[in-house]
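Below is one structure, written out as structure tokens; comments come after it.
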Amino acid sequence: MIESLNGIFETINYKQSTSIKLYDNDEYEDYPAHWHTNPEIIMPTENIYTVECYNQIMTLREGDIVLVCPGCIHTLYAPEKGRRIIFQADINPLRFMKEIETLVTIISPLIVITPEDFPSIYDKVKSLLLEIKNEYLSSYTSFSEVSIYSKTLEIITLIGRSRAAAGMETTSPDAPRKQEEYIEKFIEICNYISAHCYDELNLEAVASMSGFSKFYFSRLFKQFTGISCYEYLTSRRLAYAEKLLLCPDLTIMEVAMRSGFNSLSTFNRIFKAKKACAPSRYKSLNNGILLE
């Protein structure tokens with residue numbers, strides 16, 4: 001299935017004249033640790049399938065759906081007999097929609113959609129994925145790629161709204177209005193952090209943007225994202241550092257400083273803890289890969 005691997009970076013060979021790829025995969029073959037710049041959606045349709053990502057091992061049942069975020073190193077293990085949908089779409093041209101960037105950070109490295117954990121959206125997400133499969137594998141029809149991208153965006157929207165609503169639950173009388181207000185406010189704050197992650201940001205400065213006290217802001221931010229403001233900032237700095245590590249002319253020290261880390265030792269420690277790989281090792285494994 002992996003057709004082009006340079007170190008651990010996979011280049012996706014998309015369907016002709018498109019930026020999408022889907023496998024109705026039944027191969028009894030494991031796929032080594034790799035990453036790519038697009039998200040990957042996997043759903044076993046017969047038997048189980050196993051995904052390992054940063055030392056977390058998830059065994060998917062038939063019908064379970066996993067979305068692996070861009071840039072996340074993962075390994076795939078297949079049973080002797082089985083079948084699964086593996087779908088990839090280039091969403092980089094869509095990154096101008098800041099909500100996508102925020103969602104990717106919140107759910108990174110992956111999210112598993114099951115009927116138990118996501119009862120309100122599971123059936124719809126599964127239905128959309130099967131529609132994508134049918135559209136992709138059918139004989140050519142006009143606007144097929146547009147149709148598949150629209151369904152992909154709908155899946156992203158369902159996951160994003162479900163995740164945001166779960167984080168911003170409130171029991172106040174005007175709950176729906178207040179929830180939507182908080183969601184919009186915290187998406188704006190997350191976008192700001194992403195755009196300025198390499199600057200010297202502190203909790204007080206970010207909290208002031210919300211109009212809340214530092215302590216109330218910290219509680220609401222963690223409700224919304226599932227992680228602390230510091231952890232969110234660190235994740236954005238790591239994502240930025242990963243791109244810089246692909247630049248052959250930059251040293252590890254330069255990458256650390258440009259990414260907003262105050263010391264090389266701190267950068268090395270956090271990168272290795274989060275990515276299960278030292279920055280120098282990551283750089284050497286991806287030698288020769290340079291992304292815009």
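Going by the structure tokens order, chains are called A, B, ..., each with residues numbered from 1, while ligands are numbered from 1 in the order shown.
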| request: Identify, on the basis of only C-alpha atoms, every residue whose closest approach to region 74-77 of chain A does not exceed 6 Å; exclude the query and any residue fewer than 2 positions from it along the same chain; express the result as number ranges by chain. | output: A: 30-34, 50-53
Give the helix (DSSP H, G or I) residues of region 208-264 of chain A, as assigned by DSSP on the backbone, as a tab-separated table (two decimals) with all heavy atoms, in the first residue's frame.
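As written to disk, out-v5.tsv reads:
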chain	number	residue	atom	x	y	z
A	208	SER	N	-6.04	37.47	28.79
A	208	SER	CA	-6.59	38.82	28.67
A	208	SER	C	-7.41	38.98	27.39
A	208	SER	O	-8.33	39.79	27.33
A	208	SER	CB	-5.47	39.86	28.70
A	208	SER	OG	-4.64	39.75	27.55
A	209	MET	N	-7.10	38.19	26.37
A	209	MET	CA	-7.85	38.25	25.12
A	209	MET	C	-9.29	37.76	25.31
A	209	MET	O	-10.20	38.16	24.59
A	209	MET	CB	-7.18	37.38	24.05
A	209	MET	CG	-5.81	37.86	23.60
A	209	MET	SD	-5.09	36.69	22.42
A	209	MET	CE	-6.38	36.61	21.17
A	210	SER	N	-9.48	36.88	26.28
A	210	SER	CA	-10.79	36.27	26.48
A	210	SER	C	-11.71	37.14	27.33
A	210	SER	O	-12.94	36.97	27.30
A	210	SER	CB	-10.63	34.90	27.17
A	210	SER	OG	-10.18	35.06	28.50
A	214	LYS	N	-7.43	34.79	34.73
A	214	LYS	CA	-6.48	33.76	34.34
A	214	LYS	C	-6.96	32.37	34.76
A	214	LYS	O	-6.85	31.40	34.00
A	214	LYS	CB	-5.10	34.06	34.96
A	214	LYS	CG	-4.04	33.03	34.62
A	214	LYS	CD	-2.69	33.43	35.18
A	214	LYS	CE	-2.66	33.34	36.69
A	214	LYS	NZ	-1.30	33.57	37.23
A	215	PHE	N	-7.51	32.28	35.95
A	215	PHE	CA	-7.91	30.98	36.47
A	215	PHE	C	-9.17	30.45	35.78
A	215	PHE	O	-9.27	29.27	35.45
A	215	PHE	CB	-8.13	31.09	37.98
A	215	PHE	CG	-6.90	31.55	38.71
A	215	PHE	CD1	-6.80	32.87	39.16
A	215	PHE	CD2	-5.84	30.68	38.92
A	215	PHE	CE1	-5.65	33.30	39.81
A	215	PHE	CE2	-4.70	31.11	39.57
A	215	PHE	CZ	-4.60	32.42	40.02
A	216	TYR	N	-10.14	31.34	35.52
A	216	TYR	CA	-11.36	30.91	34.84
A	216	TYR	C	-11.05	30.57	33.38
A	216	TYR	O	-11.57	29.60	32.82
A	216	TYR	CB	-12.42	32.02	34.90
A	216	TYR	CG	-13.78	31.60	34.43
A	216	TYR	CD1	-14.39	30.44	34.89
A	216	TYR	CD2	-14.47	32.37	33.49
A	216	TYR	CE1	-15.65	30.05	34.46
A	216	TYR	CE2	-15.74	32.01	33.05
A	216	TYR	CZ	-16.31	30.83	33.54
A	216	TYR	OH	-17.56	30.45	33.11
A	217	PHE	N	-10.16	31.37	32.76
A	217	PHE	CA	-9.74	31.09	31.39
A	217	PHE	C	-9.08	29.72	31.29
A	217	PHE	O	-9.37	28.94	30.37
A	217	PHE	CB	-8.77	32.17	30.90
A	217	PHE	CG	-8.07	31.80	29.63
A	217	PHE	CD1	-8.70	31.94	28.39
A	217	PHE	CD2	-6.77	31.29	29.65
A	217	PHE	CE1	-8.07	31.59	27.22
A	217	PHE	CE2	-6.13	30.94	28.48
A	217	PHE	CZ	-6.77	31.09	27.26
A	218	SER	N	-8.19	29.42	32.24
A	218	SER	CA	-7.48	28.14	32.21
A	218	SER	C	-8.46	26.98	32.27
A	218	SER	O	-8.31	25.97	31.56
A	218	SER	CB	-6.49	28.05	33.38
A	218	SER	OG	-5.51	29.05	33.27
A	219	ARG	N	-9.49	27.10	33.11
A	219	ARG	CA	-10.48	26.03	33.25
A	219	ARG	C	-11.29	25.86	31.97
A	219	ARG	O	-11.49	24.74	31.49
A	219	ARG	CB	-11.39	26.31	34.44
A	219	ARG	CG	-12.39	25.20	34.73
A	219	ARG	CD	-13.00	25.37	36.10
A	219	ARG	NE	-13.90	26.50	36.16
A	219	ARG	CZ	-15.19	26.46	35.79
A	219	ARG	NH1	-15.70	25.33	35.31
A	219	ARG	NH2	-15.96	27.52	35.91
A	220	LEU	N	-11.73	26.98	31.39
A	220	LEU	CA	-12.53	26.91	30.16
A	220	LEU	C	-11.71	26.42	28.98
A	220	LEU	O	-12.20	25.67	28.14
A	220	LEU	CB	-13.12	28.28	29.84
A	220	LEU	CG	-14.27	28.75	30.72
A	220	LEU	CD1	-14.72	30.15	30.30
A	220	LEU	CD2	-15.46	27.79	30.65
A	221	PHE	N	-10.45	26.85	28.91
A	221	PHE	CA	-9.59	26.43	27.80
A	221	PHE	C	-9.40	24.91	27.82
A	221	PHE	O	-9.48	24.26	26.78
A	221	PHE	CB	-8.23	27.13	27.88
A	221	PHE	CG	-7.38	26.92	26.65
A	221	PHE	CD1	-7.43	27.84	25.60
A	221	PHE	CD2	-6.56	25.81	26.52
A	221	PHE	CE1	-6.66	27.64	24.45
A	221	PHE	CE2	-5.79	25.61	25.38
A	221	PHE	CZ	-5.84	26.52	24.35
A	222	LYS	N	-9.19	24.36	29.00
A	222	LYS	CA	-9.01	22.92	29.09
A	222	LYS	C	-10.31	22.18	28.79
A	222	LYS	O	-10.30	21.09	28.20
A	222	LYS	CB	-8.49	22.52	30.48
A	222	LYS	CG	-8.08	21.06	30.55
A	222	LYS	CD	-7.20	20.77	31.76
A	222	LYS	CE	-6.69	19.33	31.70
A	222	LYS	NZ	-5.76	19.01	32.79
A	223	GLN	N	-11.44	22.77	29.16
A	223	GLN	CA	-12.73	22.18	28.80
A	223	GLN	C	-12.87	22.10	27.28
A	223	GLN	O	-13.33	21.10	26.73
A	223	GLN	CB	-13.88	23.02	29.35
A	223	GLN	CG	-14.23	22.75	30.80
A	223	GLN	CD	-15.44	23.56	31.22
A	223	GLN	OE1	-15.42	24.28	32.22
A	223	GLN	NE2	-16.51	23.47	30.46
A	224	PHE	N	-12.47	23.17	26.61
A	224	PHE	CA	-12.65	23.26	25.16
A	224	PHE	C	-11.70	22.36	24.39
A	224	PHE	O	-12.11	21.66	23.46
A	224	PHE	CB	-12.46	24.71	24.71
A	224	PHE	CG	-12.58	24.90	23.22
A	224	PHE	CD1	-13.79	24.69	22.58
A	224	PHE	CD2	-11.49	25.29	22.46
A	224	PHE	CE1	-13.91	24.86	21.20
A	224	PHE	CE2	-11.61	25.47	21.09
A	224	PHE	CZ	-12.82	25.25	20.46
A	225	THR	N	-10.42	22.36	24.77
A	225	THR	CA	-9.41	21.63	23.99
A	225	THR	C	-9.07	20.25	24.56
A	225	THR	O	-8.54	19.41	23.86
A	225	THR	CB	-8.10	22.43	23.92
A	225	THR	OG1	-7.57	22.60	25.25
A	225	THR	CG2	-8.33	23.80	23.30
A	229	CYS	N	-3.59	25.30	28.33
A	229	CYS	CA	-3.12	26.30	27.38
A	229	CYS	C	-1.63	26.09	27.08
A	229	CYS	O	-1.19	26.20	25.94
A	229	CYS	CB	-3.36	27.70	27.94
A	229	CYS	SG	-2.94	29.04	26.80
A	230	TYR	N	-0.86	25.75	28.11
A	230	TYR	CA	0.58	25.49	27.93
A	230	TYR	C	0.78	24.29	27.01
A	230	TYR	O	1.64	24.31	26.11
A	230	TYR	CB	1.24	25.25	29.28
A	230	TYR	CG	2.68	24.78	29.16
A	230	TYR	CD1	3.70	25.68	28.84
A	230	TYR	CD2	3.01	23.43	29.33
A	230	TYR	CE1	5.01	25.25	28.71
A	230	TYR	CE2	4.32	23.00	29.20
A	230	TYR	CZ	5.31	23.90	28.89
A	230	TYR	OH	6.60	23.48	28.76
A	231	GLU	N	0.01	23.23	27.22
A	231	GLU	CA	0.16	22.04	26.37
A	231	GLU	C	-0.23	22.33	24.94
A	231	GLU	O	0.39	21.83	23.99
A	231	GLU	CB	-0.70	20.90	26.92
A	231	GLU	CG	-0.19	20.31	28.22
A	231	GLU	CD	-1.16	19.33	28.84
A	231	GLU	OE1	-2.38	19.65	28.89
A	231	GLU	OE2	-0.73	18.24	29.28
A	232	TYR	N	-1.25	23.17	24.76
A	232	TYR	CA	-1.67	23.54	23.39
A	232	TYR	C	-0.56	24.34	22.71
A	232	TYR	O	-0.21	24.08	21.55
A	232	TYR	CB	-2.96	24.36	23.45
A	232	TYR	CG	-3.53	24.65	22.07
A	232	TYR	CD1	-4.46	23.80	21.49
A	232	TYR	CD2	-3.14	25.78	21.35
A	232	TYR	CE1	-4.98	24.05	20.23
A	232	TYR	CE2	-3.66	26.05	20.09
A	232	TYR	CZ	-4.58	25.17	19.55
A	232	TYR	OH	-5.08	25.43	18.29
A	233	LEU	N	-0.01	25.31	23.42
A	233	LEU	CA	1.09	26.12	22.87
A	233	LEU	C	2.28	25.23	22.51
A	233	LEU	O	2.88	25.37	21.44
A	233	LEU	CB	1.50	27.19	23.88
A	233	LEU	CG	2.75	28.02	23.54
A	233	LEU	CD1	2.56	28.76	22.22
A	233	LEU	CD2	3.06	29.00	24.67
A	234	THR	N	2.60	24.29	23.39
A	234	THR	CA	3.72	23.38	23.13
A	234	THR	C	3.47	22.54	21.90
A	234	THR	O	4.37	22.32	21.08
A	234	THR	CB	3.96	22.47	24.35
A	234	THR	OG1	4.28	23.27	25.49
A	234	THR	CG2	5.11	21.51	24.09
A	235	SER	N	2.24	22.06	21.73
A	235	SER	CA	1.92	21.23	20.56
A	235	SER	C	2.07	22.02	19.27
A	235	SER	O	2.53	21.49	18.25
A	235	SER	CB	0.51	20.66	20.69
A	235	SER	OG	-0.47	21.67	20.53
A	236	ARG	N	1.69	23.31	19.28
A	236	ARG	CA	1.84	24.13	18.09
A	236	ARG	C	3.32	24.41	17.81
A	236	ARG	O	3.74	24.45	16.65
A	236	ARG	CB	1.09	25.47	18.25
A	236	ARG	CG	-0.42	25.34	18.40
A	236	ARG	CD	-1.04	24.43	17.35
A	236	ARG	NE	-0.68	24.83	16.00
A	236	ARG	CZ	-0.53	24.00	14.98
A	236	ARG	NH1	-0.69	22.70	15.15
A	236	ARG	NH2	-0.20	24.44	13.79
A	237	ARG	N	4.10	24.62	18.87
A	237	ARG	CA	5.53	24.83	18.68
A	237	ARG	C	6.19	23.57	18.12
A	237	ARG	O	7.08	23.66	17.26
A	237	ARG	CB	6.18	25.24	20.01
A	237	ARG	CG	5.89	26.68	20.40
A	237	ARG	CD	6.43	27.05	21.76
A	237	ARG	NE	6.30	28.48	22.00
A	237	ARG	CZ	6.49	29.08	23.17
A	237	ARG	NH1	6.82	28.35	24.22
A	237	ARG	NH2	6.36	30.38	23.27
A	238	LEU	N	5.77	22.42	18.59
A	238	LEU	CA	6.33	21.16	18.08
A	238	LEU	C	5.97	20.97	16.60
A	238	LEU	O	6.80	20.52	15.81
A	238	LEU	CB	5.81	19.97	18.90
A	238	LEU	CG	6.41	19.80	20.29
A	238	LEU	CD1	5.71	18.67	21.03
A	238	LEU	CD2	7.91	19.53	20.21
A	239	ALA	N	4.72	21.30	16.25
A	239	ALA	CA	4.31	21.16	14.85
A	239	ALA	C	5.14	22.09	13.96
A	239	ALA	O	5.54	21.71	12.85
A	239	ALA	CB	2.82	21.48	14.71
A	240	TYR	N	5.40	23.29	14.44
A	240	TYR	CA	6.22	24.24	13.70
A	240	TYR	C	7.66	23.73	13.60
A	240	TYR	O	8.29	23.80	12.54
A	240	TYR	CB	6.18	25.60	14.39
A	240	TYR	CG	6.84	26.72	13.62
A	240	TYR	CD1	6.26	27.20	12.44
A	240	TYR	CD2	8.03	27.29	14.06
A	240	TYR	CE1	6.87	28.23	11.73
A	240	TYR	CE2	8.64	28.32	13.35
A	240	TYR	CZ	8.06	28.78	12.20
A	240	TYR	OH	8.66	29.80	11.49
A	241	ALA	N	8.16	23.17	14.70
A	241	ALA	CA	9.53	22.63	14.72
A	241	ALA	C	9.69	21.47	13.75
A	241	ALA	O	10.73	21.34	13.10
A	241	ALA	CB	9.89	22.19	16.14
A	242	GLU	N	8.66	20.62	13.64
A	242	GLU	CA	8.74	19.49	12.72
A	242	GLU	C	8.97	19.96	11.29
A	242	GLU	O	9.74	19.35	10.54
A	242	GLU	CB	7.45	18.67	12.79
A	242	GLU	CG	7.33	17.82	14.05
A	242	GLU	CD	6.02	17.04	14.07
A	242	GLU	OE1	5.78	16.26	13.12
A	242	GLU	OE2	5.24	17.21	15.01
A	243	LYS	N	8.31	21.04	10.91
A	243	LYS	CA	8.51	21.58	9.55
A	243	LYS	C	9.93	22.12	9.39
A	243	LYS	O	10.58	21.91	8.36
A	243	LYS	CB	7.49	22.68	9.27
A	243	LYS	CG	6.05	22.20	9.24
A	243	LYS	CD	5.08	23.35	9.02
A	243	LYS	CE	3.64	22.86	9.03
A	243	LYS	NZ	2.67	23.97	8.84
A	244	LEU	N	10.42	22.83	10.43
A	244	LEU	CA	11.77	23.38	10.34
A	244	LEU	C	12.84	22.29	10.31
A	244	LEU	O	13.89	22.48	9.70
A	244	LEU	CB	12.03	24.33	11.53
A	244	LEU	CG	11.18	25.60	11.60
A	244	LEU	CD1	11.61	26.44	12.79
A	244	LEU	CD2	11.28	26.40	10.32
A	252	ILE	N	19.74	21.86	14.86
A	252	ILE	CA	18.72	21.56	15.87
A	252	ILE	C	18.55	22.76	16.81
A	252	ILE	O	17.43	23.10	17.19
A	252	ILE	CB	19.09	20.30	16.68
A	252	ILE	CG1	19.32	19.10	15.75
A	252	ILE	CG2	18.01	19.98	17.70
A	252	ILE	CD1	18.09	18.68	14.98
A	253	MET	N	19.65	23.41	17.14
A	253	MET	CA	19.58	24.60	18.00
A	253	MET	C	18.76	25.70	17.33
A	253	MET	O	17.90	26.32	17.97
A	253	MET	CB	20.99	25.11	18.31
A	253	MET	CG	21.02	26.46	19.06
A	253	MET	SD	20.29	26.35	20.71
A	253	MET	CE	21.73	25.77	21.63
A	254	GLU	N	19.01	25.94	16.05
A	254	GLU	CA	18.26	26.98	15.34
A	254	GLU	C	16.77	26.65	15.28
A	254	GLU	O	15.92	27.52	15.45
A	254	GLU	CB	18.82	27.14	13.92
A	254	GLU	CG	20.18	27.82	13.87
A	254	GLU	CD	20.79	27.80	12.49
A	254	GLU	OE1	20.66	26.77	11.79
A	254	GLU	OE2	21.38	28.82	12.09
A	255	VAL	N	16.45	25.37	15.07
A	255	VAL	CA	15.05	24.95	15.04
A	255	VAL	C	14.40	25.20	16.39
A	255	VAL	O	13.28	25.73	16.47
A	255	VAL	CB	14.94	23.45	14.67
A	255	VAL	CG1	13.52	22.94	14.88
A	255	VAL	CG2	15.37	23.23	13.23
A	256	ALA	N	15.10	24.86	17.47
A	256	ALA	CA	14.56	25.05	18.81
A	256	ALA	C	14.27	26.51	19.09
A	256	ALA	O	13.18	26.87	19.58
A	256	ALA	CB	15.54	24.50	19.85
A	257	MET	N	15.21	27.38	18.77
A	257	MET	CA	15.05	28.81	19.04
A	257	MET	C	13.95	29.42	18.19
A	257	MET	O	13.13	30.21	18.66
A	257	MET	CB	16.37	29.55	18.81
A	257	MET	CG	17.51	29.14	19.75
A	257	MET	SD	17.14	29.45	21.50
A	257	MET	CE	16.80	27.79	22.09
A	258	ARG	N	13.90	29.04	16.92
A	258	ARG	CA	12.89	29.60	16.01
A	258	ARG	C	11.48	29.12	16.35
A	258	ARG	O	10.50	29.75	15.99
A	258	ARG	CB	13.22	29.24	14.56
A	258	ARG	CG	14.46	29.92	14.01
A	258	ARG	CD	14.53	29.74	12.50
A	258	ARG	NE	15.78	30.23	11.95
A	258	ARG	CZ	16.01	30.38	10.65
A	258	ARG	NH1	15.06	30.05	9.77
A	258	ARG	NH2	17.17	30.82	10.21
A	264	LEU	N	17.87	24.37	24.15
A	264	LEU	CA	17.98	23.15	23.35
A	264	LEU	C	17.59	21.93	24.15
A	264	LEU	O	16.91	21.03	23.65
A	264	LEU	CB	19.42	23.00	22.83
A	264	LEU	CG	19.70	21.75	21.98
A	264	LEU	CD1	18.82	21.74	20.73
A	264	LEU	CD2	21.18	21.72	21.58
| message | What's around region 265-276 of chain A at 8 Å? Count only C-alpha atoms, leave out sequence neighbours fewer than 3 positions away in its own chain, and write the answer as a ChimeraX atom specification. | response | /A:54-55,73,238,256,261-262,279
Using the selection just defined, write its residues with N, CA and C atoms as a short mmCIF file (atom, residue, chain, number, x, y, z; two decimals), in the first residue's frame.
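As a result, part_25.cif now contains:
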data_model
loop_
_atom_site.label_atom_id
_atom_site.label_comp_id
_atom_site.auth_asym_id
_atom_site.auth_seq_id
_atom_site.Cartn_x
_atom_site.Cartn_y
_atom_site.Cartn_z
N TYR A 54 2.75 6.89 18.46
CA TYR A 54 3.45 7.43 19.63
C TYR A 54 3.25 6.54 20.86
N ASN A 55 3.55 5.27 20.68
CA ASN A 55 3.51 4.27 21.75
C ASN A 55 2.10 3.95 22.26
N ILE A 73 3.40 10.30 13.28
CA ILE A 73 4.05 9.03 12.91
C ILE A 73 3.20 7.88 13.41
N LEU A 238 5.77 22.42 18.59
CA LEU A 238 6.33 21.16 18.08
C LEU A 238 5.97 20.97 16.60
N ALA A 256 15.10 24.86 17.47
CA ALA A 256 14.56 25.05 18.81
C ALA A 256 14.27 26.51 19.09
N PHE A 261 11.17 27.65 21.77
CA PHE A 261 11.69 26.96 22.96
C PHE A 261 12.87 27.76 23.51
N ASN A 262 12.96 27.84 24.83
CA ASN A 262 13.98 28.71 25.42
C ASN A 262 15.33 28.04 25.60
N PRO A 279 14.84 14.88 18.13
CA PRO A 279 14.83 15.77 16.95
C PRO A 279 15.90 15.40 15.93
#
| message | Neighbouring residues of region 132-141 of chain A were defined as those with any atom within 10 Å, considering only C-alpha atoms; residues of the same chain fewer than 3 positions away were excluded. Please report them as number ranges by chain. | response | A: 15, 20-24, 85-87, 126-129, 144-145, 147-152
Residues from the last selection, N, CA and C atoms, saved as an mmCIF file, in the first residue's frame:
data_model
loop_
_atom_site.group_PDB
_atom_site.id
_atom_site.type_symbol
_atom_site.label_atom_id
_atom_site.label_comp_id
_atom_site.auth_asym_id
_atom_site.auth_seq_id
_atom_site.Cartn_x
_atom_site.Cartn_y
_atom_site.Cartn_z
ATOM 1 N N LYS A 15 -4.931 9.639 -6.822
ATOM 2 C CA LYS A 15 -5.636 9.258 -8.038
ATOM 3 C C LYS A 15 -5.405 10.325 -9.107
ATOM 4 N N ILE A 20 -6.794 13.014 -3.903
ATOM 5 C CA ILE A 20 -7.424 12.033 -3.019
ATOM 6 C C ILE A 20 -6.918 10.636 -3.353
ATOM 7 N N LYS A 21 -6.948 9.769 -2.347
ATOM 8 C CA LYS A 21 -6.528 8.375 -2.532
ATOM 9 C C LYS A 21 -7.338 7.507 -1.580
ATOM 10 N N LEU A 22 -7.872 6.401 -2.074
ATOM 11 C CA LEU A 22 -8.616 5.468 -1.229
ATOM 12 C C LEU A 22 -8.230 4.041 -1.594
ATOM 13 N N TYR A 23 -7.998 3.231 -0.563
ATOM 14 C CA TYR A 23 -7.717 1.815 -0.743
ATOM 15 C C TYR A 23 -8.848 1.005 -0.119
ATOM 16 N N ASP A 24 -9.394 0.075 -0.884
ATOM 17 C CA ASP A 24 -10.258 -0.956 -0.313
ATOM 18 C C ASP A 24 -9.330 -2.124 -0.038
ATOM 19 N N ILE A 85 -11.157 0.166 4.814
ATOM 20 C CA ILE A 85 -11.071 1.359 3.977
ATOM 21 C C ILE A 85 -9.950 2.229 4.525
ATOM 22 N N ILE A 86 -9.055 2.673 3.655
ATOM 23 C CA ILE A 86 -7.997 3.608 4.034
ATOM 24 C C ILE A 86 -8.085 4.791 3.078
ATOM 25 N N PHE A 87 -8.459 5.948 3.615
ATOM 26 C CA PHE A 87 -8.749 7.115 2.786
ATOM 27 C C PHE A 87 -7.848 8.275 3.174
ATOM 28 N N LYS A 126 -19.835 7.279 9.499
ATOM 29 C CA LYS A 126 -19.678 5.996 8.804
ATOM 30 C C LYS A 126 -20.348 6.041 7.437
ATOM 31 N N SER A 127 -21.558 6.583 7.381
ATOM 32 C CA SER A 127 -22.288 6.679 6.121
ATOM 33 C C SER A 127 -21.524 7.530 5.107
ATOM 34 N N LEU A 128 -20.971 8.648 5.545
ATOM 35 C CA LEU A 128 -20.209 9.523 4.651
ATOM 36 C C LEU A 128 -18.963 8.828 4.116
ATOM 37 N N LEU A 129 -18.286 8.068 4.981
ATOM 38 C CA LEU A 129 -17.078 7.361 4.547
ATOM 39 C C LEU A 129 -17.419 6.303 3.497
ATOM 40 N N SER A 144 -16.662 14.397 -9.251
ATOM 41 C CA SER A 144 -16.463 13.343 -8.259
ATOM 42 C C SER A 144 -15.550 13.812 -7.127
ATOM 43 N N GLU A 145 -14.453 14.491 -7.480
ATOM 44 C CA GLU A 145 -13.521 14.974 -6.463
ATOM 45 C C GLU A 145 -14.191 16.025 -5.575
ATOM 46 N N SER A 147 -17.345 16.204 -4.864
ATOM 47 C CA SER A 147 -18.269 15.472 -3.996
ATOM 48 C C SER A 147 -17.538 14.829 -2.822
ATOM 49 N N ILE A 148 -16.379 14.225 -3.106
ATOM 50 C CA ILE A 148 -15.604 13.567 -2.048
ATOM 51 C C ILE A 148 -15.067 14.589 -1.053
ATOM 52 N N TYR A 149 -14.589 15.724 -1.540
ATOM 53 C CA TYR A 149 -14.087 16.759 -0.627
ATOM 54 C C TYR A 149 -15.220 17.329 0.228
ATOM 55 N N SER A 150 -16.404 17.471 -0.347
ATOM 56 C CA SER A 150 -17.526 17.997 0.428
ATOM 57 C C SER A 150 -17.893 17.036 1.555
ATOM 58 N N LYS A 151 -17.841 15.744 1.276
ATOM 59 C CA LYS A 151 -18.126 14.740 2.309
ATOM 60 C C LYS A 151 -17.020 14.713 3.365
ATOM 61 N N THR A 152 -15.774 14.903 2.918
ATOM 62 C CA THR A 152 -14.648 14.953 3.861
ATOM 63 C C THR A 152 -14.798 16.135 4.808
#
| remark: re CA of Tyr49 (chain A) and CA of Phe118 (chain A): distance 19.5 Å
